[in-house]
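Trainee: This is the content of start.tsv (TSV, C-alpha atoms and all ligand atoms):
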```tsv
chain	number	residue	atom	x	y	z
A	414	MET	CA	18.24	-17.10	-17.82
A	415	VAL	CA	18.27	-17.19	-14.01
A	416	ALA	CA	21.80	-17.20	-12.55
A	417	GLN	CA	22.68	-20.21	-10.39
A	418	ILE	CA	23.96	-19.29	-6.97
A	419	ALA	CA	25.99	-21.28	-4.50
A	420	PRO	CA	26.01	-18.88	-1.54
A	421	GLU	CA	29.02	-20.49	0.18
A	422	GLN	CA	31.49	-19.89	-2.62
A	423	THR	CA	30.04	-16.98	-4.50
A	424	THR	CA	31.04	-13.41	-3.81
A	425	ILE	CA	28.72	-10.53	-4.46
A	426	ASP	CA	30.73	-9.49	-7.53
A	427	GLU	CA	30.18	-12.85	-9.18
A	428	ILE	CA	26.43	-12.84	-8.82
A	429	ASP	CA	24.45	-11.33	-11.64
A	430	LEU	CA	23.11	-8.48	-9.54
A	431	ASP	CA	21.53	-6.63	-12.40
A	432	ALA	CA	18.24	-7.39	-13.99
A	433	PRO	CA	18.90	-8.65	-17.55
A	434	GLU	CA	18.59	-5.14	-18.84
A	435	ILE	CA	17.29	-2.00	-17.24
A	436	PRO	CA	15.17	-0.11	-19.73
A	437	GLU	CA	16.40	3.33	-20.67
A	438	GLY	CA	13.54	5.05	-18.89
A	439	LEU	CA	12.28	8.54	-19.52
A	440	SER	CA	14.48	11.37	-20.71
A	441	ASP	CA	14.85	14.35	-18.34
A	442	GLU	CA	12.35	16.24	-20.42
A	443	GLU	CA	9.81	13.41	-20.43
A	444	TYR	CA	10.19	12.94	-16.68
A	445	ARG	CA	9.54	16.66	-16.07
A	446	GLU	CA	6.55	16.46	-18.38
A	447	VAL	CA	5.05	13.51	-16.43
A	448	LEU	CA	5.50	15.32	-13.11
A	449	HIS	CA	4.02	18.47	-14.59
A	450	ARG	CA	0.98	16.54	-15.84
A	451	LEU	CA	0.49	14.95	-12.40
A	452	SER	CA	0.74	18.39	-10.78
A	453	VAL	CA	-1.82	19.91	-13.15
A	454	ALA	CA	-4.16	16.97	-12.45
A	455	SER	CA	-3.74	17.67	-8.72
A	456	VAL	CA	-5.00	21.20	-9.30
A	457	GLU	CA	-7.87	20.18	-11.56
A	458	ARG	CA	-9.11	17.10	-9.71
A	459	LYS	CA	-8.74	17.42	-5.99
A	460	PHE	CA	-10.90	16.71	-2.97
A	461	ASP	CA	-11.33	18.35	0.39
A	462	ALA	CA	-12.07	16.10	3.37
A	463	PHE	CA	-14.94	18.32	4.51
A	464	ALA	CA	-16.18	20.19	1.42
A	465	ASP	CA	-16.47	16.98	-0.63
A	466	ILE	CA	-17.89	14.62	1.98
A	467	ASP	CA	-21.28	15.42	3.44
A	468	TRP	CA	-20.51	13.84	6.83
A	469	ASP	CA	-23.84	14.87	8.34
A	470	HIS	CA	-25.97	13.48	5.52
A	471	PRO	CA	-28.48	10.99	7.02
A	472	ASP	CA	-27.19	8.24	4.67
A	473	PHE	CA	-23.74	8.57	6.25
A	474	GLU	CA	-24.92	7.93	9.79
A	475	VAL	CA	-22.91	5.11	11.42
A	476	ARG	CA	-25.17	2.69	13.29
A	477	HIS	CA	-23.68	-0.27	15.12
A	478	ASP	CA	-26.51	-2.55	13.98
A	479	ASP	CA	-26.15	-1.79	10.26
A	480	PRO	CA	-25.43	-5.01	8.27
A	481	ARG	CA	-23.63	-2.98	5.60
A	482	TRP	CA	-20.63	-3.03	7.98
A	483	ILE	CA	-20.28	-6.78	7.55
A	484	LEU	CA	-16.87	-7.38	5.96
A	485	PRO	CA	-16.93	-7.81	2.19
A	486	THR	CA	-15.95	-11.25	0.91
A	487	VAL	CA	-12.86	-9.87	-0.87
A	488	ASP	CA	-11.35	-9.41	2.62
A	489	PRO	CA	-9.64	-12.70	3.62
A	490	LEU	CA	-11.36	-12.72	7.03
A	491	GLY	CA	-14.65	-11.50	5.55
A	492	GLY	CA	-14.67	-14.36	3.05
A	493	SER	CA	-13.74	-17.02	5.64
A	494	GLN	CA	-15.95	-19.84	6.83
A	495	TRP	CA	-15.26	-18.89	10.46
A	496	TYR	CA	-16.46	-15.30	9.98
A	497	ARG	CA	-19.53	-16.21	7.96
A	498	SER	CA	-20.62	-18.66	10.67
A	499	GLN	CA	-20.62	-16.00	13.44
A	500	PRO	CA	-23.89	-14.33	14.54
A	501	VAL	CA	-24.77	-11.26	12.44
A	502	GLU	CA	-24.21	-8.85	15.38
A	503	LYS	CA	-20.67	-10.17	15.82
A	504	GLN	CA	-20.00	-9.94	12.08
A	505	ILE	CA	-21.07	-6.28	12.19
A	506	ALA	CA	-18.96	-5.56	15.29
A	507	ILE	CA	-15.91	-7.18	13.68
A	508	GLY	CA	-16.57	-5.31	10.42
A	509	LEU	CA	-16.74	-1.94	12.19
A	510	TRP	CA	-13.57	-2.60	14.18
A	511	ARG	CA	-11.61	-3.92	11.22
A	512	GLN	CA	-12.61	-1.13	8.84
A	513	ALA	CA	-11.95	1.55	11.46
A	514	ASN	CA	-8.51	0.02	12.00
A	515	VAL	CA	-7.69	0.07	8.28
A	516	PHE	CA	-8.58	3.79	8.23
A	517	ARG	CA	-6.39	4.37	11.25
A	518	VAL	CA	-3.44	2.51	9.72
A	519	GLY	CA	-4.06	4.59	6.59
A	520	TRP	CA	-3.76	7.90	8.37
A	521	GLN	CA	-0.79	6.83	10.50
A	522	PHE	CA	0.97	5.76	7.34
A	523	GLU	CA	0.10	9.01	5.55
A	524	ASN	CA	1.28	11.02	8.54
A	525	ILE	CA	4.70	9.32	8.25
A	526	LEU	CA	4.66	9.96	4.51
A	527	ILE	CA	3.96	13.68	4.95
A	528	ARG	CA	6.84	13.97	7.43
A	529	GLY	CA	9.14	12.22	4.95
A	530	ILE	CA	8.05	14.44	2.06
A	531	MET	CA	8.80	17.58	4.12
A	532	GLN	CA	12.21	16.18	4.97
A	533	HIS	CA	12.88	15.27	1.32
A	534	VAL	CA	11.84	18.59	-0.26
A	535	PHE	CA	13.74	20.67	2.30
A	536	SER	CA	17.04	20.12	0.54
A	537	LEU	CA	15.88	19.82	-3.08
A	538	PRO	CA	17.62	22.14	-5.56
A	539	ILE	CA	15.64	25.16	-6.72
A	540	HIS	CA	14.76	23.80	-10.18
A	541	SER	CA	13.88	20.34	-8.93
A	542	PRO	CA	11.01	18.84	-10.92
A	543	GLU	CA	9.85	16.94	-7.81
A	544	TYR	CA	9.21	19.92	-5.53
A	545	ARG	CA	5.89	21.12	-6.90
A	546	TYR	CA	4.47	17.63	-7.39
A	547	LEU	CA	5.47	16.39	-3.94
A	548	MET	CA	3.89	19.39	-2.25
A	549	HIS	CA	0.61	18.61	-4.06
A	550	GLU	CA	0.93	15.04	-2.83
A	551	ALA	CA	1.52	16.17	0.76
A	552	THR	CA	-1.54	18.47	0.54
A	553	GLU	CA	-3.67	15.56	-0.66
A	554	GLU	CA	-2.37	13.28	2.08
A	555	CYS	CA	-3.29	15.94	4.68
A	556	HIS	CA	-6.87	15.73	3.40
A	557	HIS	CA	-6.74	11.94	3.47
A	558	THR	CA	-5.57	11.88	7.10
A	559	GLN	CA	-8.46	14.19	8.02
A	560	MET	CA	-10.91	12.06	6.05
A	561	PHE	CA	-9.73	8.79	7.63
A	562	GLN	CA	-9.56	10.26	11.13
A	563	GLU	CA	-13.09	11.65	10.79
A	564	ALA	CA	-14.31	8.21	9.69
A	565	VAL	CA	-12.70	6.53	12.75
A	566	HIS	CA	-14.18	9.26	14.96
A	567	ARG	CA	-17.66	8.64	13.54
A	568	ILE	CA	-17.34	4.87	13.83
A	569	GLY	CA	-16.42	5.62	17.45
A	570	ILE	CA	-14.12	2.68	18.24
A	571	ASP	CA	-10.70	3.38	19.71
A	572	VAL	CA	-8.62	1.16	17.42
A	573	PRO	CA	-4.79	1.03	17.58
A	574	GLY	CA	-3.94	1.02	13.86
A	575	MET	CA	-0.44	-0.23	13.00
A	576	PRO	CA	1.38	-2.78	15.17
A	577	ARG	CA	3.01	-1.13	18.17
A	578	TRP	CA	6.62	-1.68	16.99
A	579	ILE	CA	6.03	0.21	13.74
A	580	ARG	CA	4.40	3.09	15.63
A	581	ALA	CA	7.40	3.18	17.99
A	582	LEU	CA	9.89	3.36	15.09
A	583	SER	CA	7.84	5.84	13.04
A	584	PRO	CA	9.88	8.98	13.97
A	585	THR	CA	12.94	7.47	12.29
A	586	PHE	CA	11.35	6.71	8.90
A	587	SER	CA	11.44	10.25	7.54
A	588	LEU	CA	15.23	10.26	7.95
A	589	PHE	CA	15.40	7.83	5.02
A	590	ALA	CA	13.66	10.36	2.81
A	591	ASN	CA	16.87	12.38	2.37
A	592	ARG	CA	19.59	9.80	2.64
A	593	PHE	CA	17.90	6.90	0.85
A	594	PRO	CA	15.04	8.31	-1.22
A	595	VAL	CA	14.63	5.14	-3.33
A	596	VAL	CA	14.09	3.14	-0.13
A	597	PHE	CA	11.78	5.82	1.22
A	598	PHE	CA	9.59	5.91	-1.90
A	599	SER	CA	9.59	2.09	-1.97
A	600	GLY	CA	8.15	2.31	1.56
A	601	VAL	CA	5.60	4.81	0.27
A	602	LEU	CA	4.50	2.32	-2.38
A	603	ALA	CA	4.49	-0.47	0.20
A	604	GLY	CA	1.85	1.48	2.10
A	605	GLU	CA	-0.10	2.78	-0.87
A	606	GLU	CA	-0.36	-0.31	-3.06
A	607	PRO	CA	-2.06	-2.68	-0.56
A	608	ILE	CA	-4.65	-0.15	0.59
A	609	ASP	CA	-5.33	0.89	-3.00
A	610	HIS	CA	-5.58	-2.74	-4.12
A	611	VAL	CA	-8.06	-3.62	-1.36
A	612	GLN	CA	-10.18	-0.51	-1.94
A	613	LYS	CA	-10.33	-1.16	-5.68
A	614	ALA	CA	-11.19	-4.83	-5.09
A	615	ILE	CA	-14.08	-3.79	-2.82
A	616	LEU	CA	-15.36	-1.20	-5.31
A	617	ARG	CA	-15.01	-3.67	-8.20
A	618	SER	CA	-16.79	-6.45	-6.29
A	619	ARG	CA	-19.98	-4.34	-6.24
A	620	GLU	CA	-20.88	-5.74	-2.82
A	621	GLU	CA	-23.02	-3.38	-0.80
A	622	ILE	CA	-20.91	-1.22	1.48
A	623	HIS	CA	-21.79	1.65	3.81
A	624	PRO	CA	-22.12	4.90	1.76
A	625	MET	CA	-19.55	6.70	3.94
A	626	MET	CA	-17.02	3.95	3.16
A	627	GLY	CA	-17.90	4.11	-0.52
A	628	ARG	CA	-17.39	7.88	-0.73
A	629	ILE	CA	-14.06	7.76	1.11
A	630	MET	CA	-12.79	4.96	-1.09
A	631	GLU	CA	-13.80	6.71	-4.33
A	632	ILE	CA	-11.91	9.85	-3.31
A	633	HIS	CA	-8.91	7.94	-2.08
A	634	VAL	CA	-8.57	5.68	-5.13
A	635	ALA	CA	-8.85	8.72	-7.44
A	636	GLU	CA	-6.00	10.61	-5.74
A	637	GLU	CA	-3.77	7.66	-4.96
A	638	ALA	CA	-3.52	6.91	-8.68
A	639	ARG	CA	-1.31	10.01	-8.98
A	640	HIS	CA	0.78	9.17	-5.92
A	641	ILE	CA	1.40	5.64	-7.13
A	642	SER	CA	2.29	6.91	-10.62
A	643	PHE	CA	4.83	9.28	-9.13
A	644	ALA	CA	6.44	6.62	-6.91
A	645	HIS	CA	6.69	4.27	-9.92
A	646	GLU	CA	8.29	6.93	-12.13
A	647	TYR	CA	10.65	8.04	-9.37
A	648	ILE	CA	11.87	4.52	-8.58
A	649	LYS	CA	12.22	3.65	-12.27
A	650	ARG	CA	14.36	6.74	-12.76
A	651	MET	CA	16.47	6.69	-9.60
A	652	SER	CA	17.07	3.00	-9.03
A	653	PRO	CA	19.24	2.47	-12.16
A	654	ARG	CA	21.35	5.45	-11.01
A	655	LEU	CA	22.30	3.75	-7.75
A	656	LYS	CA	25.68	2.10	-7.50
A	657	ARG	CA	25.50	-1.58	-8.38
A	658	ARG	CA	25.91	-2.80	-4.82
A	659	GLN	CA	23.45	-0.25	-3.46
A	660	ARG	CA	20.89	-1.36	-6.00
A	661	PHE	CA	21.43	-4.95	-4.99
A	662	VAL	CA	20.82	-4.10	-1.32
A	663	VAL	CA	17.71	-2.11	-2.26
A	664	SER	CA	16.46	-5.07	-4.34
A	665	LEU	CA	16.45	-7.14	-1.11
A	666	ILE	CA	14.96	-4.42	1.12
A	667	TYR	CA	12.20	-3.68	-1.38
A	668	PRO	CA	10.15	-6.92	-1.05
A	669	VAL	CA	10.70	-6.99	2.73
A	670	LEU	CA	9.30	-3.47	3.06
A	671	MET	CA	6.34	-4.44	0.87
A	672	ARG	CA	5.54	-7.39	3.07
A	673	ILE	CA	5.95	-5.57	6.42
A	674	LEU	CA	3.83	-2.58	5.47
A	675	GLY	CA	1.37	-4.73	3.53
A	676	ASP	CA	0.85	-6.87	6.64
A	677	ALA	CA	0.38	-3.74	8.77
A	678	ILE	CA	-2.66	-2.94	6.63
A	679	LEU	CA	-3.94	-6.37	5.67
A	680	VAL	CA	-3.44	-8.46	8.83
A	681	PRO	CA	-5.67	-7.62	11.82
A	682	PRO	CA	-3.58	-6.72	14.90
A	683	LYS	CA	-3.34	-8.70	18.15
A	684	GLU	CA	-5.81	-6.43	19.96
A	685	PHE	CA	-8.41	-7.37	17.36
A	686	ARG	CA	-7.91	-11.11	17.69
A	687	ARG	CA	-8.24	-10.80	21.46
A	688	ALA	CA	-11.31	-8.56	21.34
A	689	PHE	CA	-13.23	-11.05	19.18
A	690	ASP	CA	-11.76	-14.33	20.35
A	691	ILE	CA	-10.53	-15.34	16.94
A	692	PRO	CA	-8.75	-18.71	17.11
A	693	ASP	CA	-5.05	-18.54	16.24
A	694	GLU	CA	-5.47	-21.31	13.63
A	695	VAL	CA	-8.01	-19.18	11.75
A	696	ILE	CA	-5.60	-16.24	11.62
A	697	HIS	CA	-2.66	-18.47	10.72
A	698	GLU	CA	-4.61	-20.07	7.88
A	699	LEU	CA	-5.94	-16.79	6.49
A	700	TYR	CA	-2.66	-14.84	6.74
A	701	TRP	CA	-1.18	-16.39	4.52
A	702	GLU	CA	-1.49	-20.18	4.40
A	703	ALA	CA	-4.79	-20.79	2.61
A	704	PRO	CA	-4.42	-20.98	-1.19
A	705	GLU	CA	-6.89	-18.11	-1.79
A	706	SER	CA	-4.97	-15.97	0.72
A	707	ARG	CA	-1.66	-16.75	-1.00
A	708	LYS	CA	-3.21	-15.75	-4.28
A	709	MET	CA	-4.40	-12.48	-2.77
A	710	LEU	CA	-0.94	-11.73	-1.35
A	711	SER	CA	0.58	-12.38	-4.76
A	712	ASP	CA	-2.07	-10.24	-6.53
A	713	VAL	CA	-1.63	-7.30	-4.14
A	714	PHE	CA	2.01	-7.02	-5.17
A	715	ALA	CA	1.70	-7.71	-8.91
A	716	ASP	CA	2.24	-4.04	-9.80
A	717	VAL	CA	5.27	-3.63	-7.56
A	718	ARG	CA	6.77	-6.84	-8.96
A	719	ALA	CA	6.41	-5.36	-12.44
A	720	LEU	CA	8.08	-2.19	-11.19
A	721	ALA	CA	10.94	-4.20	-9.66
A	722	GLU	CA	11.54	-5.80	-13.08
A	723	GLN	CA	11.55	-2.41	-14.80
A	724	ALA	CA	13.74	-0.68	-12.21
A	725	GLY	CA	16.50	-3.30	-12.05
A	726	LEU	CA	15.40	-4.50	-8.61
A	727	MET	CA	14.75	-8.10	-9.62
A	728	ASN	CA	17.72	-10.47	-9.68
A	729	ALA	CA	18.36	-14.09	-8.79
A	730	VAL	CA	18.73	-13.39	-5.06
A	731	SER	CA	15.85	-10.94	-4.69
A	732	ARG	CA	13.59	-13.40	-6.54
A	733	ARG	CA	14.25	-15.85	-3.73
A	734	VAL	CA	13.27	-13.22	-1.18
A	735	TRP	CA	10.00	-12.60	-3.04
A	736	ARG	CA	9.34	-16.33	-3.04
A	737	ALA	CA	10.28	-16.80	0.64
A	738	LEU	CA	7.85	-14.01	1.54
A	739	LYS	CA	5.11	-15.72	-0.51
A	740	MET	CA	4.78	-12.67	-2.72
A	741	ASP	CA	6.05	-14.16	-5.97
A	742	GLY	CA	3.97	-14.59	-9.09
A	743	ARG	CA	3.83	-13.08	-12.50
A	744	PRO	CA	4.22	-9.30	-12.68
A	745	ALA	CA	1.14	-7.28	-13.65
A	746	ARG	CA	0.85	-6.73	-17.41
A	747	TYR	CA	-0.23	-3.15	-16.77
A	748	ARG	CA	-0.86	-1.05	-13.68
A	749	SER	CA	-3.97	-2.03	-11.67
A	750	GLU	CA	-4.63	-5.11	-13.76
A	751	PRO	CA	-7.63	-6.73	-12.02
A	752	PRO	CA	-6.89	-10.23	-10.70
A	753	VAL	CA	-8.67	-13.01	-12.53
A	754	ARG	CA	-11.64	-14.30	-10.55
A	755	PHE	CA	-13.56	-17.37	-11.47
A	756	ALA	CA	-17.20	-17.73	-10.60
A	757	ALA	CA	-17.69	-20.29	-7.82
B	1	FE	FE	-3.68	8.75	0.77
B	2	FE	FE	-0.90	8.55	-1.25
```
What does this structure look like when you write it as structure tokens?
Mentor:
Amino acid sequence: MVAQIAPEQTTIDEIDLDAPEIPEGLSDEEYREVLHRLSVASVERKFDAFADIDWDHPDFEVRHDDPRWILPTVDPLGGSQWYRSQPVEKQIAIGLWRQANVFRVGWQFENILIRGIMQHVFSLPIHSPEYRYLMHEATEECHHTQMFQEAVHRIGIDVPGMPRWIRALSPTFSLFANRFPVVFFSGVLAGEEPIDHVQKAILRSREEIHPMMGRIMEIHVAEEARHISFAHEYIKRMSPRLKRRQRFVVSLIYPVLMRILGDAILVPPKEFRRAFDIPDEVIHELYWEAPESRKMLSDVFADVRALAEQAGLMNAVSRRVWRALKMDGRPARYRSEPPVRFAA
């Protein structure tokens, strides 16, 4: 049952801050075993940004008149009436800019993540189960930043990536990695889940995409599966160990972080709107007023909603935050559950 709250008279101690029950979670031994398995998989199935991508293959050549750069319809802008009614050359130009920008946001985000991981592992105890796994993750993210940067370089458009204010604050984020690791790894998920969701949606849609994009996405989706697994296991384990009030605060920060970092990836920045003269109403409608857009926003965060339920980060107040941010909906039944799509 959902607790009723009257904010004026209710103190924090009276609110049911806890999720109905927080599942036991993994034993220490099981947790070590999961991290060990992820580490072994990182050794057995890994990719190098240059050995595993044949950048100079003729199929990978980036031409600015190639219609395969037109945005896929799973992208809110790509599927919009406004975009589809533009001349083909403009659709291609927008597609190139937008996809280059997503790659740039990706590598800026991963750069912040690597800095945070280094900060976090620096003070881990010697037998920490996280050390080995996190160093594998940092290695993989180094390759991803090279892969994304090379793609932007080959597309050849000087895109800004994240909104300016996030770039300006970026040196401070890694400080959370030591002091507030649950918040830090929630931020990690907030960056990883949207990009992973969009890449999987594009691959699943079977629309024709440029082969360079396809190769990068395949590699990225394969390795992110481990990173996302780790962040889920870590949050599930550590969140119930927080003090009650701390967990309550984290339960409110968690959806806000998801939305801010999700928007950094999903919503095209100001520079983009200006460069292509996109009317403000179109952007306002697509991010996130239109019913299909709302559905997408809800779908993107289905896995992290399920995690919030499992980690004790869903309570009567945080549910309101999820709803206010338009990210509510049912939690995913299992990780990466594909959203239901009906044929038009
Ligand atoms: Fe990555
Ligand atoms: Fe990652």
Trainee: Report the distance between atom CA of Leu451 of chain A and atom CA of Arg639 of chain A in Å, rounded to one decimal place.
Mentor: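 Computing it gives 6.3 Å between the two atoms.
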Trainee: Residues at most 6 Å from ligand FE 2 (chain B), using all atoms listed in the file? Could they come as a PyMOL selection string?
Mentor: chain A and resi 554+605+637+640
Trainee: Atoms to include: C-alpha atoms. Write the selected residues as a tab-separated table (two decimals), keeping the file's coordinate frame.
Mentor:
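Saved result, out-v1.tsv, follows:
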```tsv
chain	number	residue	atom	x	y	z
A	554	GLU	CA	-2.37	13.28	2.08
A	605	GLU	CA	-0.10	2.78	-0.87
A	637	GLU	CA	-3.77	7.66	-4.96
A	640	HIS	CA	0.78	9.17	-5.92
```
Trainee: Write out as a list in words each polymer residue (protein, DNA or RNA) that has an atom no more than 8 Å from ligand FE 1 (chain B), with all atoms listed in the file counted.
Mentor: Gly519, Trp520, Glu523, Glu553, Glu554, His557, Thr558, Glu605, His633, Glu636 and Glu637 of chain A
Trainee: Taking into account only C-alpha atoms, which residue in the set A:Lys649, A:Arg658, A:Arg733, A:Arg517 is nearest to Tyr444 of chain A?
Mentor: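 The closest residue to Tyr444 of chain A is A:Lys649.
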Trainee: Determine the nearest neighbour of Met671 of chain A from the options A:Pro624, A:Gly725, A:Pro704, A:Gly600, counting only C-alpha atoms.
Mentor: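 Smallest separation from Met671 of chain A among the options: A:Gly600.
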Trainee: For atom CA of Glu502 of chain A and atom CA of Asp690 of chain A, quote the distance in Å rounded to one decimal.
Mentor: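 Atom CA of Asp690 of chain A lies 14.5 Å from atom CA of Glu502 of chain A.
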Trainee: I need the residue nearest Ile525 of chain A from this list: A:Trp510, A:Trp482, A:Trp495, A:Phe598. Use all atoms listed in the file for the distance.
Mentor: A:Phe598
Trainee: I'd like the box whose edges run along x, y and z of the file and which contains every listed atom of segment 683-689 of chain A, padded by 3 Å per side; could you state its centre and edge lengths in Å, one decimal, as JSON?
Mentor:
```
{"center_x": -8.3, "center_y": -8.8, "center_z": 19.4, "size_x": 15.9, "size_y": 10.7, "size_z": 10.1}
```
Trainee: Excluding same-chain residues fewer than 5 positions from Glu646 of chain A, what lies within 9 Å of it counting only C-alpha atoms, as a PyMOL selection string?
Mentor: chain A and resi 438-439+444+447-448+641+651
Trainee: What is the atom CA of Val565 of chain A to atom CA of Asn514 of chain A distance in Å?
Mentor: 7.8 Å
Trainee: Rank nothing, just name the residue among A:Met625, A:Met531, A:Leu484, A:Ile696 nearest to Ile505 of chain A, using all atoms listed in the file.
Mentor: A:Leu484
Trainee: Which residue gives the smallest distance to Ile568 of chain A among A:Lys683, A:Arg450, A:Arg511, A:Arg732, with all atoms listed in the file counted?
Mentor: A:Arg511
